[in-house]
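One file, protein35.cif, is given below (mmCIF, C-alpha atoms).
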```
data_final
#
loop_
_atom_site.label_atom_id
_atom_site.label_comp_id
_atom_site.auth_asym_id
_atom_site.auth_seq_id
_atom_site.Cartn_x
_atom_site.Cartn_y
_atom_site.Cartn_z
CA MET M 1 103.88 -272.24 177.81
CA LYS M 2 105.95 -273.64 174.96
CA ASN M 3 109.39 -274.82 176.11
CA LEU M 4 112.23 -272.95 174.44
CA ILE M 5 115.73 -274.37 174.11
CA SER M 6 118.15 -272.24 176.15
CA LEU M 7 120.54 -270.45 173.86
CA ASP M 8 122.50 -268.80 176.65
CA SER M 9 125.64 -270.94 176.35
CA LEU M 10 125.63 -270.79 172.56
CA THR M 11 125.31 -267.02 172.64
CA ASP M 12 128.12 -266.85 175.15
CA ILE M 13 130.47 -268.92 172.98
CA VAL M 14 129.57 -267.06 169.78
CA SER M 15 130.02 -263.63 171.33
CA ASN M 16 133.39 -264.62 172.79
CA SER M 17 134.53 -265.96 169.43
CA VAL M 18 133.45 -262.80 167.63
CA GLY M 19 135.28 -260.64 170.19
CA ILE M 20 138.50 -262.62 169.67
CA LEU M 21 138.08 -262.49 165.89
CA ILE M 22 137.71 -258.71 165.99
CA ILE M 23 140.83 -258.37 168.17
CA PHE M 24 142.78 -260.62 165.79
CA ALA M 25 141.57 -258.65 162.78
CA VAL M 26 142.64 -255.32 164.32
CA ILE M 27 146.06 -256.67 165.38
CA ASN M 28 146.53 -258.23 161.96
CA LEU M 29 145.65 -254.98 160.23
CA ILE M 30 148.06 -252.92 162.34
CA HIS M 31 150.82 -255.49 161.86
CA ASP M 32 150.28 -255.78 158.10
CA ASN M 33 150.49 -252.03 157.62
CA ASN M 34 154.01 -251.99 159.03
CA LYS M 35 155.26 -255.09 157.28
CA THR M 36 157.51 -254.88 154.25
CA TYR M 37 158.08 -257.89 152.06
CA GLN M 38 161.48 -258.37 150.57
CA LEU M 39 161.34 -259.40 146.96
CA GLU M 40 164.40 -261.34 145.89
CA ILE M 41 165.28 -260.51 142.33
CA PRO M 42 167.65 -262.55 140.19
CA ILE M 43 170.50 -260.61 138.58
CA GLU M 44 171.32 -260.72 134.88
CA HIS M 45 174.69 -262.04 133.82
CA ARG M 46 176.63 -262.87 130.68
CA THR M 47 176.62 -266.47 129.57
CA GLU M 48 177.75 -268.89 126.89
CA LEU M 49 174.25 -270.38 126.79
CA SER M 50 172.11 -269.57 123.78
CA PRO M 51 168.61 -268.12 124.16
CA ALA M 52 165.42 -269.96 123.24
CA PHE M 53 162.75 -267.31 122.72
CA PHE M 54 159.20 -267.30 123.99
CA MET M 55 156.49 -264.68 123.87
CA ILE M 56 153.88 -264.26 126.61
CA LYS M 57 150.60 -262.43 126.23
CA ASN M 58 147.14 -262.90 127.75
CA ASP M 59 148.19 -265.87 129.92
CA SER M 60 149.41 -267.61 126.78
CA ILE M 61 152.96 -268.64 126.01
CA LEU M 62 154.25 -269.05 122.48
CA GLU M 63 157.50 -270.74 121.58
CA MET M 64 159.18 -268.60 118.94
CA ASP M 65 160.63 -270.93 116.36
CA THR M 66 163.31 -268.59 115.05
CA ASP M 67 164.04 -270.78 112.01
CA VAL M 68 160.46 -270.51 110.81
CA LEU M 69 160.08 -266.86 111.81
CA PHE M 70 163.24 -265.71 110.10
CA SER M 71 162.70 -267.74 106.94
CA ASN M 72 159.17 -266.32 106.67
CA ALA M 73 160.52 -262.83 107.33
CA THR M 74 163.10 -263.33 104.58
CA VAL M 75 160.39 -264.40 102.13
CA GLN M 76 158.36 -261.29 102.99
CA ALA M 77 161.42 -259.07 102.73
CA THR M 78 162.32 -260.41 99.27
CA SER M 79 158.75 -260.00 98.07
CA GLY M 80 158.82 -256.34 99.08
CA ALA M 81 156.18 -256.63 101.81
CA ALA M 82 158.61 -255.50 104.49
CA ILE M 83 159.79 -252.24 102.93
CA ASN M 84 159.51 -248.90 104.76
CA GLU M 85 159.22 -250.63 108.14
CA ARG M 86 155.78 -251.95 107.22
CA LEU M 87 154.13 -254.65 109.32
CA PHE M 88 153.87 -257.98 107.51
CA THR M 89 152.40 -261.33 108.37
CA LEU M 90 154.72 -264.12 109.40
CA ASP M 91 152.20 -266.96 109.05
CA TYR M 92 153.05 -267.97 112.58
CA PHE M 93 150.35 -267.94 115.28
CA ASP M 94 149.04 -264.52 114.26
CA VAL M 95 152.37 -262.83 114.91
CA LEU M 96 153.23 -259.85 112.73
CA GLY M 97 156.76 -258.76 111.92
CA LYS M 98 158.57 -255.57 111.10
CA ILE M 99 162.11 -255.10 109.87
CA ASP M 100 163.81 -252.20 111.58
CA GLU M 101 167.38 -251.17 110.84
CA GLY M 102 168.06 -250.37 114.47
CA LYS M 103 166.34 -253.34 116.08
CA GLY M 104 166.50 -256.25 113.64
CA VAL M 105 163.16 -258.03 113.30
CA SER M 106 160.39 -256.88 115.64
CA PHE M 107 157.44 -259.12 116.52
CA PHE M 108 153.91 -258.03 117.33
CA ALA M 109 151.49 -260.50 118.89
CA ARG M 110 147.88 -260.16 117.86
CA ASP M 111 145.26 -262.80 118.66
CA THR M 112 146.53 -265.33 121.19
CA ALA M 113 143.58 -267.71 120.99
CA THR M 114 145.68 -270.41 119.33
CA TRP M 115 148.64 -270.08 121.70
CA PRO M 116 149.17 -272.61 124.51
CA LYS M 117 147.91 -271.40 127.90
CA PHE M 118 150.26 -271.33 130.86
CA GLN M 119 147.83 -273.54 132.79
CA GLU M 120 149.02 -276.37 130.53
CA LEU M 121 152.46 -276.20 132.12
CA GLY M 122 153.50 -279.53 133.54
CA LYS M 123 150.82 -281.48 131.69
CA GLY M 124 152.73 -284.23 129.91
CA ASN M 125 151.00 -284.07 126.54
CA SER M 126 150.82 -280.28 126.16
CA LYS M 127 152.75 -278.45 123.45
CA LEU M 128 154.03 -275.93 125.96
CA THR M 129 155.46 -278.54 128.30
CA THR M 130 157.09 -280.29 125.35
CA ALA M 131 158.62 -277.01 124.16
CA LEU M 132 160.05 -276.21 127.59
CA ASN M 133 161.17 -279.76 128.31
CA LYS M 134 163.29 -279.93 125.19
CA LEU M 135 165.54 -277.10 126.43
CA ASP M 136 169.01 -278.29 127.35
CA ALA M 137 170.18 -276.67 130.60
CA ASN M 138 173.82 -276.99 129.55
CA LYS M 139 173.34 -275.25 126.22
CA GLN M 140 170.27 -273.04 126.44
CA PHE M 141 168.26 -270.68 128.56
CA ALA M 142 164.72 -269.44 128.03
CA PHE M 143 164.19 -265.79 127.19
CA PHE M 144 160.66 -264.43 127.50
CA PHE M 145 159.18 -261.35 125.85
CA VAL M 146 156.37 -260.53 128.27
CA TYR M 147 153.49 -258.24 127.32
CA ASP M 148 153.05 -255.79 130.20
CA SER M 149 149.63 -254.31 129.42
CA ASN M 150 146.99 -255.40 131.87
CA ASP M 151 143.62 -254.31 130.53
CA GLY M 152 142.49 -253.36 134.03
CA GLU M 153 143.44 -256.61 135.75
CA ALA M 154 145.46 -256.67 138.97
CA SER M 155 148.37 -258.48 137.45
CA GLY M 156 150.16 -257.62 134.22
CA ASN M 157 148.89 -259.42 131.19
CA GLY M 158 151.75 -261.86 130.93
CA PHE M 159 153.33 -261.45 134.36
CA GLU M 160 151.63 -264.35 136.09
CA ALA M 161 152.26 -266.68 133.16
CA PHE M 162 155.93 -265.64 133.18
CA ARG M 163 156.31 -266.33 136.91
CA GLU M 164 154.75 -269.76 136.46
CA ALA M 165 156.98 -270.60 133.51
CA ARG M 166 160.05 -269.38 135.39
CA GLU M 167 159.18 -271.57 138.39
CA TYR M 168 158.61 -274.55 136.12
CA LEU M 169 161.96 -274.04 134.40
CA LYS M 170 163.69 -273.54 137.73
CA THR M 171 162.67 -277.05 138.74
CA ARG M 172 164.36 -278.25 135.55
CA ARG M 173 167.45 -276.13 136.38
CA ILE M 174 167.03 -273.98 133.29
CA LYS M 175 167.85 -270.30 133.55
CA THR M 176 165.47 -267.63 132.36
CA GLY M 177 165.64 -264.03 131.27
CA TRP M 178 162.83 -261.66 130.35
CA ARG M 179 161.93 -258.26 129.00
CA PRO M 180 158.62 -256.39 129.22
CA VAL M 181 157.25 -255.59 125.78
CA ASN M 182 154.26 -253.82 124.27
CA ASP M 183 153.31 -252.45 120.87
CA GLU M 184 155.46 -249.34 121.43
CA ALA M 185 158.49 -251.35 122.52
CA PRO M 186 157.96 -254.69 120.79
CA ALA M 187 159.84 -257.95 121.07
CA ASN M 188 162.82 -257.93 118.76
CA ILE M 189 165.50 -260.40 117.86
CA CYS M 190 168.72 -259.29 116.26
CA GLN M 191 172.36 -260.13 115.90
CA ASP M 192 175.10 -259.01 118.27
CA HIS M 193 176.31 -256.32 115.88
CA PHE M 194 173.14 -254.32 116.64
CA GLY M 195 174.70 -253.55 120.03
CA LYS M 196 173.49 -253.93 123.57
CA ARG M 197 169.82 -253.61 122.74
CA CYS M 198 170.17 -257.10 121.33
CA ASP M 199 171.59 -258.50 124.53
CA PHE M 200 169.54 -261.40 125.79
CA LEU M 201 170.76 -262.28 129.24
CA PRO M 202 169.62 -264.92 131.71
CA SER M 203 169.39 -264.28 135.42
CA TYR M 204 170.78 -266.17 138.34
CA LEU M 205 167.96 -268.01 139.95
CA GLY M 206 168.16 -269.56 143.38
CA ASP M 207 171.01 -272.03 143.47
CA ILE M 208 171.37 -272.18 139.68
CA ARG M 209 174.57 -270.37 138.84
CA MET G 210 99.54 -243.09 176.88
CA ALA G 211 100.75 -244.35 180.25
CA MET G 212 100.11 -248.01 180.92
CA SER G 213 98.39 -248.72 184.25
CA ARG G 214 100.07 -250.97 186.83
CA ALA G 215 97.24 -253.49 186.48
CA THR G 216 97.75 -253.77 182.75
CA ARG G 217 101.49 -254.31 183.15
CA TYR G 218 101.00 -257.08 185.69
CA ALA G 219 98.40 -258.64 183.47
CA ARG G 220 100.93 -259.37 180.74
CA TYR G 221 102.86 -261.95 182.75
CA ASN G 222 101.61 -264.58 185.07
CA GLN G 223 103.48 -264.48 188.31
CA GLY G 224 105.40 -267.69 189.01
CA GLU G 225 105.95 -268.43 185.33
CA LYS G 226 109.57 -268.07 184.16
CA LEU G 227 110.14 -265.32 181.58
CA GLU G 228 111.63 -266.77 178.38
CA ILE G 229 113.15 -264.45 175.80
CA SER G 230 113.96 -265.69 172.32
CA LEU G 231 117.59 -265.06 171.41
CA PHE G 232 117.12 -265.79 167.74
CA PRO G 233 116.82 -262.15 166.61
CA PHE G 234 119.92 -261.26 168.61
CA LEU G 235 121.87 -264.21 167.23
CA SER G 236 120.72 -263.45 163.74
CA ILE G 237 122.03 -259.88 163.93
CA PHE G 238 125.19 -261.08 165.64
CA LEU G 239 126.04 -263.68 163.01
CA CYS G 240 125.22 -261.18 160.31
CA VAL G 241 127.70 -258.70 161.81
CA MET G 242 130.30 -261.46 162.10
CA GLY G 243 129.84 -262.38 158.45
CA VAL G 244 130.17 -258.78 157.32
CA LEU G 245 133.29 -258.30 159.45
CA SER G 246 134.90 -261.43 158.04
CA PHE G 247 134.02 -260.31 154.53
CA ILE G 248 135.56 -256.87 155.12
CA ASN G 249 138.65 -258.51 156.58
CA VAL G 250 139.10 -260.79 153.56
CA LEU G 251 138.44 -257.92 151.18
CA ASN G 252 140.94 -255.78 153.03
CA SER G 253 143.67 -258.40 152.81
CA PHE G 254 143.26 -258.41 149.01
CA SER G 255 143.01 -254.68 148.45
CA THR G 256 145.52 -253.28 150.97
CA PRO G 257 148.75 -252.49 149.14
CA GLN G 258 151.65 -254.63 150.29
CA LYS G 259 154.87 -252.79 150.91
CA ILE G 260 157.81 -254.29 149.12
CA GLU G 261 161.53 -253.78 148.97
CA LEU G 262 163.67 -255.14 146.18
CA THR G 263 166.76 -257.14 147.04
CA ALA G 264 168.95 -259.32 144.91
CA GLN G 265 168.81 -263.06 145.04
CA LEU G 266 172.10 -264.51 146.33
CA GLU G 267 172.86 -261.04 147.65
CA GLN G 268 176.15 -260.61 149.40
CA GLY G 269 176.27 -258.20 152.33
CA TYR G 270 178.22 -255.47 150.58
CA LYS G 271 175.98 -255.22 147.52
CA VAL G 272 173.41 -252.47 147.72
CA ALA G 273 170.37 -252.09 145.48
CA TYR G 274 169.43 -248.89 143.71
CA GLN G 275 165.71 -249.51 143.20
CA ILE G 276 163.84 -248.16 140.20
CA PHE G 277 160.11 -248.76 139.96
CA SER G 278 158.74 -248.52 136.46
CA LEU G 279 155.09 -247.42 136.26
CA PRO G 280 152.76 -246.41 133.43
CA ASP G 281 153.37 -242.72 134.24
CA GLY G 282 157.13 -242.98 134.57
CA ILE G 283 159.61 -244.10 137.18
CA ILE G 284 160.22 -243.76 140.91
CA SER G 285 163.86 -244.04 141.94
CA VAL G 286 164.74 -245.14 145.46
CA PRO G 287 168.49 -244.59 145.81
CA PRO G 288 170.40 -246.24 148.67
CA THR G 289 171.80 -243.85 151.30
CA LYS G 290 172.29 -246.20 154.23
CA HIS G 291 175.98 -247.14 153.86
CA LEU G 292 177.29 -243.97 152.22
CA LEU G 293 178.18 -242.18 155.47
CA LYS G 294 180.33 -245.14 156.51
CA LEU G 295 181.92 -245.27 153.06
CA LYS G 296 182.70 -241.56 153.32
CA THR G 297 184.80 -242.11 156.42
CA GLU G 298 186.87 -244.78 154.68
CA VAL G 299 188.00 -242.75 151.66
CA ASP G 300 190.29 -239.77 151.08
CA GLU G 301 189.12 -236.17 151.26
CA SER G 302 188.41 -235.54 147.59
CA ASP G 303 186.38 -238.77 147.28
CA ALA G 304 184.57 -237.92 150.51
CA LEU G 305 183.41 -234.66 148.92
CA VAL G 306 182.13 -236.53 145.88
CA ILE G 307 180.24 -238.96 148.14
CA GLU G 308 178.79 -236.08 150.13
CA ASP G 309 177.52 -234.45 146.95
CA ILE G 310 175.87 -237.69 145.81
CA LEU G 311 174.47 -238.28 149.29
CA ASP G 312 172.96 -234.77 149.37
CA ARG G 313 171.22 -235.25 146.08
CA ARG G 314 169.94 -238.67 147.09
CA SER G 315 168.72 -237.41 150.45
CA GLN G 316 166.79 -234.62 148.73
CA SER G 317 165.25 -237.11 146.36
CA MET G 318 164.22 -239.39 149.25
CA GLN G 319 162.86 -236.41 151.18
CA ARG G 320 160.64 -235.55 148.24
CA LEU G 321 159.25 -239.09 148.25
CA GLU G 322 158.82 -239.30 152.01
CA SER G 323 157.20 -235.91 152.43
CA HIS G 324 154.57 -236.61 149.79
CA GLN G 325 151.03 -236.83 151.11
CA GLY G 326 148.92 -239.63 149.64
CA SER G 327 150.05 -242.49 147.50
CA VAL G 328 153.74 -242.40 146.71
CA MET G 329 152.95 -244.08 143.40
CA ASN G 330 151.64 -240.72 142.15
CA LEU G 331 155.18 -239.38 142.22
CA ALA G 332 156.31 -241.21 139.09
CA LEU G 333 158.21 -239.03 136.65
CA GLN G 334 159.04 -239.65 133.04
CA PRO G 335 162.68 -240.74 132.85
CA ASP G 336 164.75 -238.00 131.26
CA MET G 337 168.08 -238.75 129.71
CA ASP G 338 170.14 -236.38 131.88
CA SER G 339 168.91 -237.78 135.18
CA ILE G 340 169.41 -241.38 134.01
CA LEU G 341 172.94 -240.59 132.86
CA GLU G 342 173.63 -238.86 136.16
CA THR G 343 172.32 -241.90 138.07
CA MET G 344 174.58 -244.25 136.10
CA LEU G 345 177.56 -241.98 136.64
CA ASP G 346 176.85 -241.77 140.40
CA ILE G 347 176.64 -245.55 140.73
CA ARG G 348 179.81 -246.05 138.74
CA THR G 349 181.63 -243.35 140.71
CA LEU G 350 180.63 -244.83 144.07
CA ASN G 351 181.60 -248.34 142.99
CA GLU G 352 184.98 -247.11 141.77
CA ILE G 353 185.64 -245.07 144.91
CA ALA G 354 184.82 -248.09 147.08
CA LEU G 355 187.04 -250.31 144.98
CA LYS G 356 189.90 -247.82 145.15
CA ALA G 357 189.59 -247.62 148.93
CA ASN G 358 189.39 -251.42 149.11
CA TYR G 359 186.05 -251.03 150.88
CA LEU G 360 183.41 -253.69 150.31
CA TYR G 361 180.58 -251.74 148.71
CA GLU G 362 178.89 -252.17 145.35
CA GLU G 363 175.70 -250.67 144.03
CA PHE G 364 173.59 -252.33 141.37
CA LEU G 365 170.26 -251.61 139.69
CA LEU G 366 167.03 -253.42 140.46
CA PHE G 367 163.98 -252.68 138.34
CA GLY G 368 160.46 -253.41 139.52
CA ILE G 369 158.13 -253.40 136.52
CA TYR G 370 154.48 -252.64 137.18
CA PRO G 371 151.73 -253.52 134.68
CA ASN G 372 151.97 -251.13 131.73
CA GLY G 373 155.32 -249.91 133.05
CA GLY G 374 157.48 -251.51 130.38
CA SER G 375 157.95 -248.40 128.25
CA ALA G 376 159.75 -246.40 130.94
CA TYR G 377 161.99 -249.39 131.63
CA GLN G 378 162.81 -249.77 127.94
CA LYS G 379 163.72 -246.11 127.75
CA ILE G 380 166.19 -246.48 130.62
CA ARG G 381 167.72 -249.62 129.12
CA ASP G 382 168.08 -247.84 125.78
CA ILE G 383 169.99 -245.04 127.50
CA MET G 384 172.05 -247.58 129.43
CA SER G 385 172.98 -249.35 126.21
CA PHE G 386 175.06 -246.44 124.95
CA THR G 387 176.60 -245.00 128.11
CA PRO G 388 179.88 -246.59 129.21
CA ASP G 389 179.00 -245.73 132.83
CA ALA G 390 176.36 -248.48 132.82
CA THR G 391 178.61 -251.19 131.44
CA SER G 392 179.86 -252.45 134.77
CA ILE G 393 176.56 -252.12 136.67
CA SER G 394 174.68 -255.33 137.47
CA VAL G 395 170.97 -255.30 136.69
CA GLY G 396 167.97 -257.29 137.85
CA LEU G 397 164.31 -256.92 136.95
CA GLU G 398 161.08 -258.36 138.26
CA PRO G 399 157.40 -258.06 137.30
CA LEU G 400 155.32 -256.49 140.09
CA ASP G 401 151.61 -256.64 140.86
CA SER G 402 149.70 -253.38 140.87
CA ASN G 403 148.73 -253.70 144.56
CA TRP G 404 152.34 -253.78 145.70
CA THR G 405 153.69 -250.45 146.86
CA LEU G 406 157.18 -249.43 147.78
CA ASN G 407 158.82 -249.15 151.17
CA LEU G 408 160.50 -245.82 151.67
CA ASN G 409 162.37 -246.46 154.90
CA PRO G 410 165.85 -247.40 153.75
CA ASN G 411 167.27 -247.68 157.25
CA LEU G 412 165.33 -250.76 158.18
CA GLY G 413 166.97 -254.12 157.83
CA PRO G 414 165.31 -257.39 157.00
CA ASN G 415 164.15 -259.92 159.57
CA LYS G 416 165.09 -263.54 159.34
CA ASP G 417 161.71 -264.35 157.77
CA GLY G 418 162.41 -261.97 154.93
CA THR G 419 160.22 -259.18 156.20
CA VAL G 420 161.10 -255.74 157.48
CA GLU G 421 159.25 -254.29 160.48
#
```

Spell out the structure here as structure tokens.
Amino acid sequence: MKNLISLDSLTDIVSNSVGILIIFAVINLIHDNNKTYQLEIPIEHRTELSPAFFMIKNDSILEMDTDVLFSNATVQATSGAAINERLFTLDYFDVLGKIDEGKGVSFFARDTATWPKFQELGKGNSKLTTALNKLDANKQFAFFFVYDSNDGEASGNGFEAFREAREYLKTRRIKTGWRPVNDEAPANICQDHFGKRCDFLPSYLGDIR
Amino acid sequence: MAMSRATRYARYNQGEKLEISLFPFLSIFLCVMGVLSFINVLNSFSTPQKIELTAQLEQGYKVAYQIFSLPDGIISVPPTKHLLKLKTEVDESDALVIEDILDRRSQSMQRLESHQGSVMNLALQPDMDSILETMLDIRTLNEIALKANYLYEEFLLFGIYPNGGSAYQKIRDIMSFTPDATSISVGLEPLDSNWTLNLNPNLGPNKDGTVE
């Protein structure tokens, strides 16, 4: 008769391993169900630092050059394109604008294909890294308008990109603030005289005070 | 049909060791192991993680009033843990005010805790009166504690779920015009959709940052 290799010891080891794995899985499951994770959230505070604005949508981060945006908005306003709270083009990375008496200038992101992706963070030659690196921790903080719509994904559209950018800036000791935005409640920049809805505040973060 | 004894004996030669192949058994076994591992991995991704919001650099006397902002509205998780102690430290009229706030908060927590199924289905659209009342309660408690020289301060922590920005914006708009909100500290954090909230306010954190 053909000689067969004895698999007894192998079977023994495998069955023992599986048994232990099952026990671990059950214990893990029971333990996980009772566990609560504490999420440490930075608190907003008033500051003398001035905000540098960024917009995040679809894993892309756009530096908002306020000089360009406002001068383009002024051109549109003088040409009459901005009357009656109409949307107008700002000729800036497919961002549309709207002038609203109560909110200043509102910004609506459309196609983000030309925006830098957050995966470029930390890469020396990327536009995004350059934009974040030029922030002066003693004079500025970064304020992010983060699109919250998720299109069915587990994480919010811009949430992951925001967390990454915040971590990157934390290593450079630069404070960050953020606000969730969408087309109903768009990003808006305005002067202080518009009241508290134009407050852009950074948050304490770790040991950065 | 019954097999005769002769036929049964004929199948094996006496004196020859019976060898059984374990391959089919092992095959099924490994298959089961693979499926179990797969289910385990899948489970770890899909099971909602319970979270509790706390402030970074939190000092012991600061207490978070948690508001979770969802696409369908908000879920408020007011703190009740230290109010009984605060009540004993203040004068009678302030104690009555605290009791009233505590009652309302306990009812609100009871509604959340007694709900069958996912607590996330309990989100309500924020209405102006309830937001104003919340701000007034927080301000009142903070002022009472300050007056009694008792270390206690409530602040607002917002957890923003995907598509939950509108409800948050509505609350901040209301907060921008009420003087009651002026002195209240605020923090906000983006949350993943598979994070759910912890409704047991009496549990304290472990050293590793988790609560059992």

Next on the checklist: Given only C-alpha atoms as the basis, pick out the residue of M:Leu10, M:Leu39, M:Ala187, M:Ala73 nearest to chain G.
Outcome noted: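 The answer is M:Leu39, which sits nearest to chain G.
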
Item to check | Nearest-residue call for chain M, choices G:Glu342, G:Glu261, G:Asp281, G:Glu352, using all atoms listed in the file | outcome: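 Ranked by minimum distance to chain M, first place goes to G:Glu261.
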
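When CA of Gln275 in chain G is paired with CA of Ile61 in chain M, their separation reads 28.7 Å.
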
Within 9 Å of Ser394 in chain G, counting only C-alpha atoms, which residues show up once you throw out same-chain ones fewer than 2 positions away? Write them as a PDB file with C-alpha atoms, in the coordinates of the input, please.
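Printed below is selection27.pdb as written:
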```
ATOM      1  CA  ILE M  43     170.500-260.610 138.580  1.00  0.00           C
ATOM      2  CA  GLU M  44     171.320-260.720 134.880  1.00  0.00           C
ATOM      3  CA  HIS M  45     174.690-262.040 133.820  1.00  0.00           C
TER       4      HIS M  45
ATOM      5  CA  GLU G 363     175.700-250.670 144.030  1.00  0.00           C
ATOM      6  CA  PHE G 364     173.590-252.330 141.370  1.00  0.00           C
ATOM      7  CA  LEU G 365     170.260-251.610 139.690  1.00  0.00           C
ATOM      8  CA  LEU G 366     167.030-253.420 140.460  1.00  0.00           C
ATOM      9  CA  ALA G 390     176.360-248.480 132.820  1.00  0.00           C
ATOM     10  CA  THR G 391     178.610-251.190 131.440  1.00  0.00           C
ATOM     11  CA  SER G 392     179.860-252.450 134.770  1.00  0.00           C
ATOM     12  CA  GLY G 396     167.970-257.290 137.850  1.00  0.00           C
TER      13      GLY G 396
END
```

Checklist outcome for this item: Restricting to all atoms listed in the file, whichever of G:Leu245, G:Leu231, G:Ile307, G:Met337 is closest to Ile383 in chain G is G:Met337
